[in-house]
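Dropping protein_35.cif in here (mmCIF, C-alpha atoms and all ligand atoms):
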data_run
#
loop_
_atom_site.label_atom_id
_atom_site.label_comp_id
_atom_site.auth_asym_id
_atom_site.auth_seq_id
_atom_site.Cartn_x
_atom_site.Cartn_y
_atom_site.Cartn_z
CA MET M 1 112.93 133.23 67.41
CA MET M 2 115.08 133.98 70.41
CA ILE M 3 113.40 132.72 73.55
CA ASN M 4 114.35 133.95 76.96
CA GLU M 5 116.26 131.12 78.64
CA ASP M 6 114.30 131.79 81.80
CA VAL M 7 110.82 130.98 80.41
CA PHE M 8 110.48 128.13 82.86
CA GLU M 9 111.60 130.14 85.87
CA LEU M 10 109.49 133.13 84.82
CA TYR M 11 106.32 131.54 83.53
CA GLU M 12 106.03 127.92 84.58
CA SER M 13 104.38 127.12 87.89
CA GLN M 14 106.37 126.39 91.01
CA ALA M 15 104.76 122.95 90.92
CA ARG M 16 107.48 121.66 88.58
CA THR M 17 109.78 119.02 90.07
CA TYR M 18 112.07 116.75 88.04
CA CYS M 19 113.44 119.72 86.07
CA ARG M 20 114.79 121.13 89.33
CA SER M 21 116.95 118.06 89.95
CA PHE M 22 118.07 117.83 86.33
CA PRO M 23 118.46 121.40 85.08
CA ALA M 24 119.03 121.04 81.34
CA THR M 25 116.81 121.65 78.33
CA PHE M 26 116.37 118.43 76.41
CA ASP M 27 115.65 118.20 72.76
CA VAL M 28 116.28 114.77 71.31
CA ALA M 29 116.19 111.28 72.79
CA GLN M 30 117.16 107.85 71.58
CA GLY M 31 117.31 104.56 73.45
CA CYS M 32 118.88 105.17 76.86
CA TYR M 33 120.07 108.66 76.00
CA LEU M 34 118.68 112.17 76.19
CA TYR M 35 120.38 115.06 74.38
CA ASP M 36 120.18 118.70 75.42
CA SER M 37 119.94 121.76 73.16
CA ASP M 38 123.71 121.73 72.66
CA GLY M 39 123.72 118.06 71.74
CA VAL M 40 125.25 116.97 75.05
CA GLU M 41 124.45 113.33 75.76
CA TYR M 42 122.87 112.20 79.06
CA LEU M 43 122.49 108.61 80.13
CA ASP M 44 118.89 108.09 81.27
CA MET M 45 118.51 105.85 84.33
CA LEU M 46 115.19 107.44 85.25
CA SER M 47 113.29 106.18 82.20
CA GLY M 48 110.37 108.55 82.65
CA ALA M 49 109.89 107.21 86.19
CA GLY M 50 108.95 103.89 84.65
CA ALA M 51 106.99 105.21 81.66
CA LEU M 52 109.81 104.45 79.22
CA ASN M 53 110.52 100.77 79.86
CA TYR M 54 111.40 100.33 76.19
CA GLY M 55 113.60 103.41 75.99
CA HIS M 56 113.22 106.58 73.97
CA ASN M 57 111.98 106.36 70.39
CA GLN M 58 112.37 102.61 70.01
CA ALA M 59 112.79 102.39 66.22
CA GLU M 60 110.16 99.80 65.31
CA ILE M 61 107.51 101.29 67.61
CA LYS M 62 108.27 104.79 66.35
CA ASN M 63 108.01 103.73 62.71
CA THR M 64 104.68 102.03 63.35
CA VAL M 65 103.39 105.23 64.91
CA ILE M 66 104.68 107.31 61.96
CA GLU M 67 103.02 104.96 59.47
CA TYR M 68 99.76 105.19 61.38
CA MET M 69 99.91 108.98 61.22
CA GLN M 70 100.91 108.94 57.54
CA LYS M 71 97.71 107.09 56.66
CA ASN M 72 95.69 109.61 58.70
CA GLY M 73 94.81 106.99 61.28
CA VAL M 74 92.27 108.23 63.82
CA LEU M 75 94.12 109.93 66.66
CA MET M 76 91.40 110.84 69.14
CA SER M 77 88.29 108.70 69.28
CA LEU M 78 86.72 109.00 72.75
CA ASP M 79 85.76 105.36 73.25
CA LEU M 80 84.55 104.73 69.72
CA HIS M 81 85.62 101.45 68.18
CA THR M 82 88.81 101.86 66.16
CA GLU M 83 91.02 99.41 64.30
CA ALA M 84 93.90 100.51 66.55
CA LYS M 85 92.00 99.67 69.73
CA LYS M 86 90.72 96.40 68.26
CA HIS M 87 94.27 95.27 67.52
CA PHE M 88 95.48 96.35 70.93
CA ILE M 89 92.77 94.38 72.76
CA ALA M 90 93.38 91.31 70.63
CA SER M 91 97.12 91.36 71.11
CA PHE M 92 96.90 92.09 74.85
CA ARG M 93 94.70 89.01 75.16
CA LYS M 94 96.91 86.89 72.94
CA HIS M 95 100.36 87.83 74.23
CA ILE M 96 99.66 88.74 77.85
CA LEU M 97 96.41 87.36 79.28
CA GLU M 98 95.97 84.00 77.57
CA PRO M 99 99.49 82.64 78.16
CA ARG M 100 99.02 83.48 81.85
CA ASN M 101 95.53 81.97 82.06
CA LEU M 102 94.04 85.35 82.94
CA THR M 103 90.55 86.37 81.88
CA TYR M 104 90.43 90.05 82.80
CA LYS M 105 88.21 92.47 80.95
CA LEU M 106 89.85 95.72 79.87
CA GLN M 107 88.64 99.14 80.92
CA PHE M 108 90.32 102.13 79.31
CA THR M 109 90.26 104.95 81.84
CA SER M 110 91.55 108.48 81.50
CA PRO M 111 95.18 108.11 80.56
CA THR M 112 97.00 108.77 83.83
CA GLY M 113 97.92 106.41 86.61
CA THR M 114 95.91 108.26 89.18
CA SER M 115 92.73 107.92 87.07
CA VAL M 116 93.00 104.17 86.83
CA VAL M 117 93.46 103.95 90.61
CA GLU M 118 90.34 106.10 91.09
CA SER M 119 88.38 103.75 88.83
CA ALA M 120 89.66 100.62 90.56
CA VAL M 121 88.67 101.85 94.00
CA LYS M 122 85.32 103.16 92.77
CA LEU M 123 84.52 99.79 91.22
CA ALA M 124 85.62 97.79 94.28
CA ARG M 125 83.37 99.97 96.45
CA LYS M 126 80.44 99.51 94.05
CA VAL M 127 80.88 95.73 93.85
CA THR M 128 81.25 95.13 97.58
CA GLY M 129 78.96 97.86 98.88
CA ARG M 130 81.70 98.67 101.40
CA ASN M 131 83.52 101.97 101.72
CA ASN M 132 86.80 101.46 103.56
CA VAL M 133 90.00 100.79 101.61
CA ILE M 134 93.21 99.37 103.04
CA CYS M 135 96.42 100.95 101.81
CA PHE M 136 99.96 100.77 103.13
CA THR M 137 102.67 102.86 104.72
CA ASN M 138 104.95 104.48 102.13
CA GLY M 139 102.57 103.61 99.30
CA PHE M 140 102.10 105.89 96.30
CA HIS M 141 99.00 105.78 94.13
CA GLY M 142 98.76 109.19 92.47
CA MET M 143 97.87 112.79 93.16
CA SER M 144 94.10 113.09 92.70
CA GLY M 145 91.34 112.73 95.33
CA THR M 146 91.04 109.08 96.30
CA SER M 147 94.47 108.09 94.94
CA LEU M 148 96.08 110.81 97.00
CA SER M 149 94.23 109.74 100.14
CA LEU M 150 95.79 106.29 99.62
CA THR M 151 99.29 107.77 99.23
CA GLY M 152 101.56 107.79 102.27
CA ASN M 153 103.82 110.81 101.68
CA ARG M 154 102.70 113.57 104.07
CA SER M 155 103.80 116.59 102.04
CA LYS M 156 102.00 115.27 98.95
CA ARG M 157 98.90 114.26 100.88
CA GLN M 158 98.14 117.77 102.17
CA ALA M 159 94.72 119.18 101.26
CA VAL M 160 92.99 115.87 100.78
CA SER M 161 90.42 114.17 102.95
CA GLN M 162 91.46 110.84 104.38
CA GLY M 163 87.93 109.48 104.67
CA GLY M 164 87.34 105.83 103.99
CA VAL M 165 90.97 104.81 104.13
CA THR M 166 92.87 102.71 106.68
CA ARG M 167 96.64 102.66 106.39
CA LEU M 168 98.42 99.57 107.63
CA PRO M 169 102.12 98.68 107.88
CA TYR M 170 103.53 97.35 104.60
CA HIS M 171 105.58 94.18 104.52
CA GLY M 172 108.79 94.75 106.46
CA TYR M 173 107.70 98.09 107.92
CA LEU M 174 107.99 96.73 111.47
CA GLY M 175 110.91 94.46 110.63
CA GLN M 176 111.15 91.43 108.39
CA ASP M 177 110.09 89.01 111.15
CA TYR M 178 106.92 90.80 112.17
CA ASP M 179 103.80 88.82 111.20
CA SER M 180 101.76 91.66 109.76
CA ILE M 181 99.21 89.36 108.10
CA ALA M 182 98.15 88.04 111.52
CA PHE M 183 97.73 91.63 112.70
CA TYR M 184 95.52 92.57 109.74
CA ARG M 185 93.47 89.40 110.25
CA LYS M 186 92.85 90.33 113.86
CA LEU M 187 91.72 93.82 112.82
CA PHE M 188 89.20 92.37 110.36
CA THR M 189 87.95 89.73 112.80
CA ASP M 190 87.48 91.99 115.82
CA SER M 191 84.32 94.04 115.31
CA SER M 192 85.62 96.53 117.87
CA SER M 193 89.03 97.01 116.25
CA GLY M 194 87.85 100.29 114.75
CA VAL M 195 88.73 99.14 111.24
CA ASP M 196 85.70 98.59 109.02
CA LEU M 197 85.78 95.60 106.71
CA PRO M 198 87.21 97.08 103.53
CA ALA M 199 86.02 96.99 99.95
CA ALA M 200 89.59 96.65 98.78
CA ILE M 201 93.22 96.27 99.66
CA ILE M 202 95.44 98.26 97.29
CA LEU M 203 99.18 97.79 97.11
CA GLU M 204 102.31 97.99 95.01
CA THR M 205 104.33 94.76 95.02
CA ILE M 206 107.38 97.02 95.00
CA GLN M 207 106.81 100.51 96.34
CA GLY M 208 108.35 102.75 93.71
CA GLU M 209 108.13 106.23 95.17
CA GLY M 210 108.17 104.84 98.71
CA GLY M 211 111.75 103.56 98.47
CA VAL M 212 111.87 100.38 96.35
CA ASN M 213 110.34 98.43 99.23
CA VAL M 214 109.83 94.87 98.09
CA ALA M 215 106.89 92.80 99.32
CA SER M 216 107.86 89.18 99.88
CA VAL M 217 106.16 86.43 97.93
CA GLU M 218 104.80 84.98 101.20
CA TRP M 219 103.31 88.32 102.24
CA LEU M 220 101.62 88.78 98.88
CA GLN M 221 100.18 85.30 99.08
CA GLY M 222 99.05 85.99 102.65
CA ILE M 223 97.29 89.15 101.46
CA ARG M 224 95.55 87.20 98.69
CA ARG M 225 94.27 84.63 101.23
CA LEU M 226 93.18 87.34 103.64
CA ALA M 227 91.26 89.13 100.89
CA ASP M 228 89.54 85.88 99.92
CA ASP M 229 88.62 85.08 103.52
CA PHE M 230 86.94 88.44 104.09
CA GLY M 231 85.43 89.10 100.65
CA ILE M 232 87.87 91.95 100.01
CA LYS M 233 88.92 92.87 96.46
CA LEU M 234 92.67 92.88 95.89
CA ILE M 235 93.88 95.76 93.72
CA ILE M 236 97.46 95.60 92.52
CA ASP M 237 98.77 98.99 91.48
CA ASP M 238 101.20 97.83 88.80
CA ILE M 239 101.57 101.26 87.29
CA GLN M 240 105.32 101.47 87.97
CA ALA M 241 106.25 97.82 88.61
CA GLY M 242 104.28 96.40 85.68
CA VAL M 243 104.87 96.06 81.94
CA GLY M 244 108.12 94.15 82.42
CA ARG M 245 109.88 96.29 85.04
CA THR M 246 110.36 93.45 87.56
CA GLY M 247 111.42 90.94 84.91
CA LYS M 248 107.92 89.60 84.28
CA PHE M 249 105.08 91.39 82.53
CA PHE M 250 103.07 91.72 85.75
CA SER M 251 104.93 92.18 89.01
CA PHE M 252 102.52 89.85 90.86
CA GLU M 253 103.50 86.90 88.66
CA HIS M 254 106.48 86.39 90.99
CA ALA M 255 104.01 85.53 93.77
CA ASN M 256 101.76 83.49 91.53
CA ILE M 257 98.68 85.35 92.72
CA GLU M 258 95.72 86.68 90.77
CA PRO M 259 94.48 90.13 91.80
CA ASP M 260 90.82 91.10 91.32
CA LEU M 261 91.78 94.40 89.74
CA VAL M 262 95.07 95.50 88.16
CA CYS M 263 96.06 99.09 87.46
CA LEU M 264 98.40 99.70 84.53
CA SER M 265 99.68 102.97 83.12
CA LYS M 266 103.18 104.46 82.65
CA SER M 267 104.86 102.04 80.21
CA ILE M 268 101.69 100.46 78.82
CA GLY M 269 101.72 103.26 76.20
CA GLY M 270 104.71 101.52 74.59
CA ILE M 271 106.87 104.52 73.78
CA GLY M 272 105.88 107.02 76.46
CA PHE M 273 102.35 107.82 75.26
CA PRO M 274 99.72 108.43 77.93
CA MET M 275 97.44 105.45 78.44
CA ALA M 276 95.90 103.67 81.41
CA LEU M 277 94.23 100.34 81.67
CA LEU M 278 92.19 98.71 84.39
CA LEU M 279 92.03 94.92 84.31
CA ILE M 280 88.82 93.66 85.85
CA LYS M 281 87.84 90.14 86.89
CA PRO M 282 84.88 89.47 84.56
CA ASP M 283 82.31 89.00 87.34
CA MET M 284 83.21 92.42 88.75
CA ASP M 285 82.49 94.28 85.53
CA ILE M 286 79.17 95.70 86.68
CA TRP M 287 79.58 99.27 85.46
CA ALA M 288 76.56 100.85 83.80
CA PRO M 289 77.42 102.32 80.38
CA GLY M 290 79.13 105.68 80.86
CA GLU M 291 79.26 105.30 84.63
CA ASP M 292 83.03 105.83 84.66
CA ASN M 293 83.56 108.20 81.76
CA GLY M 294 86.40 110.34 80.46
CA THR M 295 87.23 112.24 77.27
CA PHE M 296 90.72 110.96 76.61
CA ARG M 297 90.17 107.22 76.68
CA GLY M 298 90.94 106.74 73.02
CA ASN M 299 94.58 107.68 72.47
CA ASN M 300 95.06 105.60 69.34
CA LEU M 301 98.76 106.42 69.04
CA ALA M 302 99.17 104.71 72.40
CA PHE M 303 97.16 101.70 71.20
CA VAL M 304 99.30 101.38 68.09
CA ALA M 305 102.56 101.81 70.02
CA SER M 306 101.48 99.42 72.75
CA THR M 307 100.41 96.74 70.27
CA LYS M 308 103.83 96.96 68.61
CA MET M 309 105.56 96.80 72.01
CA LEU M 310 103.62 93.62 72.91
CA GLU M 311 104.51 92.02 69.59
CA LEU M 312 108.17 92.95 69.79
CA PHE M 313 108.84 91.92 73.37
CA TRP M 314 106.09 89.65 74.70
CA GLN M 315 105.30 87.16 71.92
CA ASP M 316 107.32 84.48 73.67
CA LYS M 317 109.65 84.02 76.63
CA THR M 318 112.84 85.26 74.93
CA PHE M 319 112.70 88.78 76.30
CA GLU M 320 111.85 87.58 79.81
CA GLN M 321 114.91 85.33 79.72
CA GLU M 322 117.07 88.24 78.58
CA LEU M 323 115.77 90.36 81.43
CA HIS M 324 116.61 87.59 83.83
CA ASP M 325 120.18 87.38 82.52
CA LYS M 326 120.69 91.13 82.51
CA GLU M 327 119.31 91.52 86.03
CA ALA M 328 122.51 89.83 87.22
CA ILE M 329 124.58 92.65 85.71
CA ILE M 330 122.72 95.20 87.85
CA CYS M 331 122.76 93.08 90.99
CA ASN M 332 126.44 92.14 90.73
CA ALA M 333 127.40 95.79 90.39
CA LEU M 334 125.24 96.75 93.36
CA ASP M 335 126.58 93.88 95.49
CA LYS M 336 130.11 95.09 94.85
CA VAL M 337 129.35 98.67 95.79
CA VAL M 338 127.62 97.50 98.97
CA ILE M 339 130.85 95.72 99.92
CA SER M 340 133.13 98.67 99.21
CA CYS M 341 130.86 101.27 100.84
CA GLY M 342 129.35 99.05 103.53
CA GLU M 343 129.36 101.62 106.32
CA TYR M 344 127.20 104.01 104.25
CA ILE M 345 124.85 101.60 102.52
CA LYS M 346 122.09 99.80 104.36
CA GLU M 347 121.21 97.40 101.53
CA SER M 348 120.42 96.91 97.89
CA ARG M 349 117.06 95.42 96.99
CA GLY M 350 114.59 94.99 94.20
CA ARG M 351 113.35 92.66 91.49
CA GLY M 352 114.44 92.62 87.89
CA PHE M 353 115.08 96.06 86.48
CA PHE M 354 113.56 97.73 89.54
CA GLN M 355 116.43 98.08 92.02
CA GLY M 356 117.21 100.42 94.86
CA LEU M 357 120.28 101.16 96.96
CA GLU M 358 119.45 102.45 100.43
CA PHE M 359 121.92 104.75 102.17
CA TYR M 360 121.78 105.41 105.90
CA ASP M 361 122.31 109.10 105.24
CA GLU M 362 120.13 110.69 102.56
CA THR M 363 122.69 113.44 101.96
CA ILE M 364 124.92 110.78 100.38
CA ALA M 365 122.14 109.51 98.12
CA VAL M 366 121.32 113.04 97.02
CA ALA M 367 125.02 113.88 96.53
CA VAL M 368 125.33 110.80 94.32
CA THR M 369 122.46 111.94 92.05
CA GLN M 370 124.07 115.39 91.83
CA GLN M 371 127.49 113.94 90.98
CA CYS M 372 125.81 111.68 88.44
CA PHE M 373 124.14 114.66 86.81
CA GLU M 374 127.51 116.48 86.66
CA ASN M 375 128.69 113.39 84.82
CA LYS M 376 125.65 113.45 82.51
CA ILE M 377 123.76 110.62 84.13
CA ILE M 378 120.12 111.03 85.13
CA ILE M 379 119.13 108.97 88.14
CA GLU M 380 116.73 109.77 90.97
CA THR M 381 116.20 109.06 94.62
CA CYS M 382 113.05 107.86 96.35
CA GLY M 383 111.93 106.92 99.85
CA GLU M 384 110.59 109.05 102.68
CA ARG M 385 113.94 110.83 103.14
CA ASP M 386 115.22 110.49 99.55
CA GLN M 387 117.64 107.96 100.99
CA VAL M 388 117.23 105.37 98.24
CA LEU M 389 118.93 105.58 94.86
CA LYS M 390 116.58 104.13 92.27
CA PHE M 391 117.92 102.24 89.25
CA MET M 392 115.46 102.11 86.37
CA PRO M 393 117.31 101.45 83.13
CA ALA M 394 115.31 100.77 79.97
CA LEU M 395 114.56 97.04 79.78
CA ASN M 396 115.96 96.75 76.27
CA ILE M 397 119.30 98.35 77.15
CA PRO M 398 122.15 96.43 75.50
CA SER M 399 124.14 94.32 78.01
CA GLU M 400 127.40 96.14 77.28
CA LEU M 401 125.83 99.53 77.90
CA LEU M 402 124.17 98.26 81.07
CA ARG M 403 127.50 96.96 82.40
CA ASP M 404 129.21 100.20 81.47
CA SER M 405 126.45 102.36 82.98
CA MET M 406 126.46 100.43 86.25
CA GLU M 407 130.22 100.82 86.44
CA ARG M 408 130.04 104.57 85.85
CA ILE M 409 127.38 105.01 88.54
CA CYS M 410 129.08 102.70 91.04
CA ASN M 411 132.38 104.55 90.59
CA ILE M 412 130.57 107.77 91.42
CA ILE M 413 128.99 106.16 94.51
CA VAL M 414 132.41 104.96 95.69
CA SER M 415 133.97 108.38 95.18
CA VAL M 416 131.12 110.20 96.97
CA CYS M 417 131.42 107.75 99.88
CA GLU M 418 135.19 108.32 99.96
CA ASP M 419 134.58 112.07 100.21
CA PHE M 420 132.24 111.50 103.14
CA ARG M 421 134.76 109.15 104.73
CA SER M 422 137.60 111.68 104.55
CA CYS M 423 135.26 114.42 105.79
CA ALA M 424 134.34 112.25 108.75
CA ILE M 425 138.02 111.58 109.52
CA GLU M 426 138.83 115.28 109.27
CA ASN M 427 135.93 116.18 111.56
CA SER M 428 136.96 113.60 114.15
CA MET M 429 140.57 114.93 114.09
CA ILE M 430 139.27 118.46 114.60
CA SER M 431 137.10 117.39 117.52
CA GLU M 432 139.94 115.33 119.04
CA GLY M 433 142.25 118.30 118.68
CA ALA M 434 139.76 120.63 120.34
C1 LIG W 501 103.23 106.99 88.92
C2 LIG W 501 102.35 106.18 89.77
C3 LIG W 501 100.99 106.48 89.93
C4 LIG W 501 100.36 107.73 89.37
O1 LIG W 501 100.44 107.83 88.00
P1 LIG W 501 100.22 109.27 87.33
O2 LIG W 501 100.25 109.00 85.86
O3 LIG W 501 101.35 110.13 87.80
O4 LIG W 501 98.91 109.77 87.79
C5 LIG W 501 100.21 105.62 90.69
N1 LIG W 501 100.75 104.53 91.26
C6 LIG W 501 102.04 104.21 91.13
C7 LIG W 501 102.57 102.97 91.77
C8 LIG W 501 102.90 105.03 90.38
O5 LIG W 501 104.19 104.74 90.31
#
Will you turn the file into structure tokens for me?
Amino acid sequence: MMINEDVFELYESQARTYCRSFPATFDVAQGCYLYDSDGVEYLDMLSGAGALNYGHNQAEIKNTVIEYMQKNGVLMSLDLHTEAKKHFIASFRKHILEPRNLTYKLQFTSPTGTSVVESAVKLARKVTGRNNVICFTNGFHGMSGTSLSLTGNRSKRQAVSQGGVTRLPYHGYLGQDYDSIAFYRKLFTDSSSGVDLPAAIILETIQGEGGVNVASVEWLQGIRRLADDFGIKLIIDDIQAGVGRTGKFFSFEHANIEPDLVCLSKSIGGIGFPMALLLIKPDMDIWAPGEDNGTFRGNNLAFVASTKMLELFWQDKTFEQELHDKEAIICNALDKVVISCGEYIKESRGRGFFQGLEFYDETIAVAVTQQCFENKIIIETCGERDQVLKFMPALNIPSELLRDSMERICNIIVSVCEDFRSCAIENSMISEGA
């Protein structure tokens, strides 16, 4: 059948986004590559915005999924008990929770990130009997009701009520030396501050959409202490930073803190399947049966894929060590480009495989993504002005390919900066001449 090439433009809603930045029609994907209808190969540095930490169609995970389908394994099961879910729970406990001395109970919510955030906040409010929730500048927690009210981005936040939310400056928002913890403490202590004692504090340890803003270990520990002192539940939204992205399974492991609630989604589905998981401190699990329901909480393909992912990568410390070694490849490349394009780049920052390069001028960052796309590389920007280039390679990318990819992207950055430099020189000659 011949299909009009404009089906998207003609019939798909204006709401679409990523496809506007990367206008191609993709068909096949393998590892770190996407292929369009003509078989043209694209290097994928977007990794499904963090939902493809283990790349496209990872062979062992894919084969496990195919086998499960071949035997007519249950696909959709609401929240009925299935063998697939049983194995997932057991292996999540064995490979992830127990080695880290964590005792969380697992709640399967509707399979998107925003749903698990909704559940986390709802539960924290129920447990504490308080309503207010603290969230942070530049945070992103999803696009539905409560999650959206917690999200910073103004254009996204339109048409949602902001009730029951207090937004405070994230670590570093007022400069690295500003003691924000002392400020929050004062707000909670002073009964006339206008800020009600909150049920929860929700945060990303690295703000993904907000610009790869990295919370310091000290700040995270300060938040944990503050939450303890005021009976506030700490929710870590690890939807983007979790499942290995920062070099450890959970991003908060770097700070050695234990949240009360943890939100996981994106890569927890193993191979890009929708799934979301709320980790709950056992004493907080006071839901009545069915109190937080949803139809699609039993995506067994995701359970099967996720179980395989845990077995392949998180049985022992080998993979973590590899991530640690490979992180240096990314950071070394970024350090070099910061030196050669210093006047245009504010800094590079991140943890593990979650790295950002902040430009002073967002037009350079955007020009870099466009040049990358011309060169068949998919990489996106983030931050309030799109001024940060976000590096999110698959975690299992081979070292050689990672080195090569970083070199390709850094060469493009250098050449875009050179273009801006010669433009600036030309402009200054014109204005001197005038
Ligand atoms: C992507 C994301 C969400 C929302 O997940 P959806 O599946 O898009 O609803 C929430 N929080 C963070 C930190 C995210 O990166």
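Considering the residues M:Thr166, M:Ser428, M:Gln30, M:Ser415 and counting all atoms listed in the file, Asn57 in chain M has its shortest atom-to-atom contact with M:Gln30.
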Next on the checklist: Neighbours of ligand LIG 501 (chain W) at 6 Å or closer, counting only C-alpha atoms and all ligand atoms: which residues, as JSON, numbers by chain?
Outcome noted: {"M": [112, 113, 114, 140, 141, 142, 204, 208, 237, 239, 240]}
List the spatial neighbours of Gln221 in chain M as a tab-separated table (two decimals) with C-alpha atoms, keeping the file's coordinate frame - criterion: any atom at most 12 Å away, all atoms listed in the file, same-chain residues fewer than 5 positions off excluded.
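around_31.tsv was written with the following content:
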chain	number	residue	atom	x	y	z
M	171	HIS	CA	105.58	94.18	104.52
M	181	ILE	CA	99.21	89.36	108.10
M	205	THR	CA	104.33	94.76	95.02
M	215	ALA	CA	106.89	92.80	99.32
M	216	SER	CA	107.86	89.18	99.88
M	226	LEU	CA	93.18	87.34	103.64
M	227	ALA	CA	91.26	89.13	100.89
M	228	ASP	CA	89.54	85.88	99.92
M	234	LEU	CA	92.67	92.88	95.89
M	252	PHE	CA	102.52	89.85	90.86
M	253	GLU	CA	103.50	86.90	88.66
M	254	HIS	CA	106.48	86.39	90.99
M	255	ALA	CA	104.01	85.53	93.77
M	256	ASN	CA	101.76	83.49	91.53
M	257	ILE	CA	98.68	85.35	92.72
M	258	GLU	CA	95.72	86.68	90.77
M	259	PRO	CA	94.48	90.13	91.80
Checklist entry - Any idea what's packed within 9 Å of Gly352 in chain M, counting only C-alpha atoms, ignoring anything in its chain fewer than 5 positions away? Could you give it as number ranges by chain? => result M: 244-248, 323-324, 326-328, 330-331
Checklist entry - Quick one: distance from CA of Phe354 in chain M to CA of Val212 in chain M in Å, one decimal? => result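 CA of Phe354 in chain M sits 7.5 Å away from CA of Val212 in chain M.
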